[in-house]
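Visitor: Input: one structure, supplied below.
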Amino acid sequence: MALQAAAFWILAAVAVVSAFSVVAARNPVRSVMWLICAFFTSAGLFVLIGAEFLAMLLVVVYVGAVAVLFLFVVMMLDVDFVELNQGFLQYMPFGALVSLILLTELVLVGSTFVFADPDAAGRAAFSAAGPTNAEAIGAVLYDQYIYYFQAAGIVLLIAMIGAIVLTLRHKPGVRRQDVGKQVARRPKDGVELIDVKPGSGI
């Protein structure tokens, strides 16, 4: 349990620092990178409490799809960061008030929990009595909510296609590859025979 507690405090500290850096970073690209770090550490916390399926879902969905999509859009869109940061100071008091309210709520909620360590016999009886966390959540998702699960995947796919369409730009004067013209090209279109007379140049 000492090793598990140490892992919890390390992951929790990294998660808190990453979450603070998401809103404190001036560069949106760095903010998204800190968000990905926060997701990974949160997945590690899920693993510590035995929710492996939720940890895998957090990494696959949020890190693999949502955060990468944010990073792709932020890096490819031409965002004026100087103009974006001009009104930062005028919203600072409101942001500090909201942060104070959230911190108070977290302290009040955290003070109501009693952290107890179940004994090994209780954990063994629980694991032998019913399905695991991954089996229970998978049965609910794929038996009752399979269509909603597929609809969420379609929404993510449409969002990724939309990001590609938004960032796709056609610049004039850029030579692009045309596969149709390359395949239809004949030898006489690309080869020119020149009869060079001896003693004279081309």
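Naming scheme: A, B, ... for chains in displayed order of the structure tokens; residues 1 onward per chain; ligands 1 onward as shown.
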Counting only C-alpha atoms, what is within 9 Å of stretch 55-57 of chain A, bar same-chain residues fewer than 2 positions away, as a PyMOL selection string?
Guide: chain A and resi 40+42-47+51-53+59-62
Visitor: Pull N, CA and C atoms from the residues just selected and write them as a PDB file, in the first residue's frame.
Guide:
```
ATOM      1  N   PHE A  40      -3.380  11.750 -19.322  1.00  0.00           N
ATOM      2  CA  PHE A  40      -2.586  10.552 -19.053  1.00  0.00           C
ATOM      3  C   PHE A  40      -2.476  10.284 -17.549  1.00  0.00           C
ATOM      4  N   SER A  42      -4.548  11.299 -15.257  1.00  0.00           N
ATOM      5  CA  SER A  42      -5.875  10.900 -14.780  1.00  0.00           C
ATOM      6  C   SER A  42      -6.145   9.433 -15.095  1.00  0.00           C
ATOM      7  N   ALA A  43      -5.685   8.985 -16.263  1.00  0.00           N
ATOM      8  CA  ALA A  43      -5.821   7.565 -16.591  1.00  0.00           C
ATOM      9  C   ALA A  43      -5.032   6.697 -15.607  1.00  0.00           C
ATOM     10  N   GLY A  44      -3.862   7.158 -15.196  1.00  0.00           N
ATOM     11  CA  GLY A  44      -3.105   6.432 -14.187  1.00  0.00           C
ATOM     12  C   GLY A  44      -3.834   6.355 -12.856  1.00  0.00           C
ATOM     13  N   LEU A  45      -4.532   7.427 -12.477  1.00  0.00           N
ATOM     14  CA  LEU A  45      -5.330   7.395 -11.250  1.00  0.00           C
ATOM     15  C   LEU A  45      -6.489   6.401 -11.363  1.00  0.00           C
ATOM     16  N   PHE A  46      -7.096   6.309 -12.544  1.00  0.00           N
ATOM     17  CA  PHE A  46      -8.157   5.325 -12.749  1.00  0.00           C
ATOM     18  C   PHE A  46      -7.621   3.896 -12.592  1.00  0.00           C
ATOM     19  N   VAL A  47      -6.410   3.675 -13.083  1.00  0.00           N
ATOM     20  CA  VAL A  47      -5.810   2.336 -12.950  1.00  0.00           C
ATOM     21  C   VAL A  47      -5.581   1.998 -11.476  1.00  0.00           C
ATOM     22  N   ALA A  51     -10.217   0.834 -12.118  1.00  0.00           N
ATOM     23  CA  ALA A  51     -11.099   1.118 -13.262  1.00  0.00           C
ATOM     24  C   ALA A  51     -10.261   1.135 -14.535  1.00  0.00           C
ATOM     25  N   GLU A  52      -9.829  -0.041 -14.974  1.00  0.00           N
ATOM     26  CA  GLU A  52      -8.945  -0.115 -16.134  1.00  0.00           C
ATOM     27  C   GLU A  52      -9.647   0.297 -17.414  1.00  0.00           C
ATOM     28  N   PHE A  53     -10.924  -0.068 -17.528  1.00  0.00           N
ATOM     29  CA  PHE A  53     -11.652   0.276 -18.756  1.00  0.00           C
ATOM     30  C   PHE A  53     -11.802   1.789 -18.902  1.00  0.00           C
ATOM     31  N   VAL A  59      -7.711   7.405 -22.387  1.00  0.00           N
ATOM     32  CA  VAL A  59      -6.550   7.543 -23.270  1.00  0.00           C
ATOM     33  C   VAL A  59      -6.972   7.477 -24.739  1.00  0.00           C
ATOM     34  N   VAL A  60      -7.832   6.514 -25.072  1.00  0.00           N
ATOM     35  CA  VAL A  60      -8.202   6.316 -26.483  1.00  0.00           C
ATOM     36  C   VAL A  60      -9.074   7.457 -26.994  1.00  0.00           C
ATOM     37  N   VAL A  61     -10.098   7.829 -26.221  1.00  0.00           N
ATOM     38  CA  VAL A  61     -11.059   8.823 -26.698  1.00  0.00           C
ATOM     39  C   VAL A  61     -10.529  10.235 -26.524  1.00  0.00           C
ATOM     40  N   TYR A  62     -10.126  10.584 -25.303  1.00  0.00           N
ATOM     41  CA  TYR A  62      -9.758  11.972 -25.045  1.00  0.00           C
ATOM     42  C   TYR A  62      -8.363  12.307 -25.560  1.00  0.00           C
TER      43      TYR A  62
END
```
Visitor: May I have the residues within 9 Å of A:Cys37 as a list of chain:residue names, using only C-alpha atoms and disregarding those fewer than 5 positions away in the same chain?
Guide: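 Neighbouring residues, sequence-local ones excluded: A:Val14, A:Ala15, A:Ser18, A:Ala19, A:Val32, A:Ser42, A:Val63.
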Visitor: With distances taken over only C-alpha atoms, which of A:Ala6, A:Ile146, A:Val68, A:Met92 is nearest to A:Ala24?
Guide: A:Met92
Visitor: Which of these, A:Phe70, A:Ser111, A:Gly180, A:Gln4, has the shortest distance to A:Gly50 once you count only C-alpha atoms?
Guide: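 Going through A:Phe70, A:Ser111, A:Gly180, A:Gln4 one by one, the smallest distance to A:Gly50 is for A:Gln4.
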Visitor: Looking at only C-alpha atoms, which of A:Trp34, A:Phe8, A:Phe94, A:Phe20 is the one that sits closest to A:Ile49?
Guide: A:Phe8
Visitor: Using atom CA of A:Ile137 and atom CA of A:Ala13 as the two end points, give the distance in Å to one decimal.
Guide: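 Interatomic distance here is 28.2 Å.
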Visitor: So, with only C-alpha atoms as the atoms that count, which of A:Val16, A:Val73, A:Ile10, A:Ala25 lies closest to A:Leu166?
Guide: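 Nearest candidate to A:Leu166 out of A:Val16, A:Val73, A:Ile10, A:Ala25: A:Val73.
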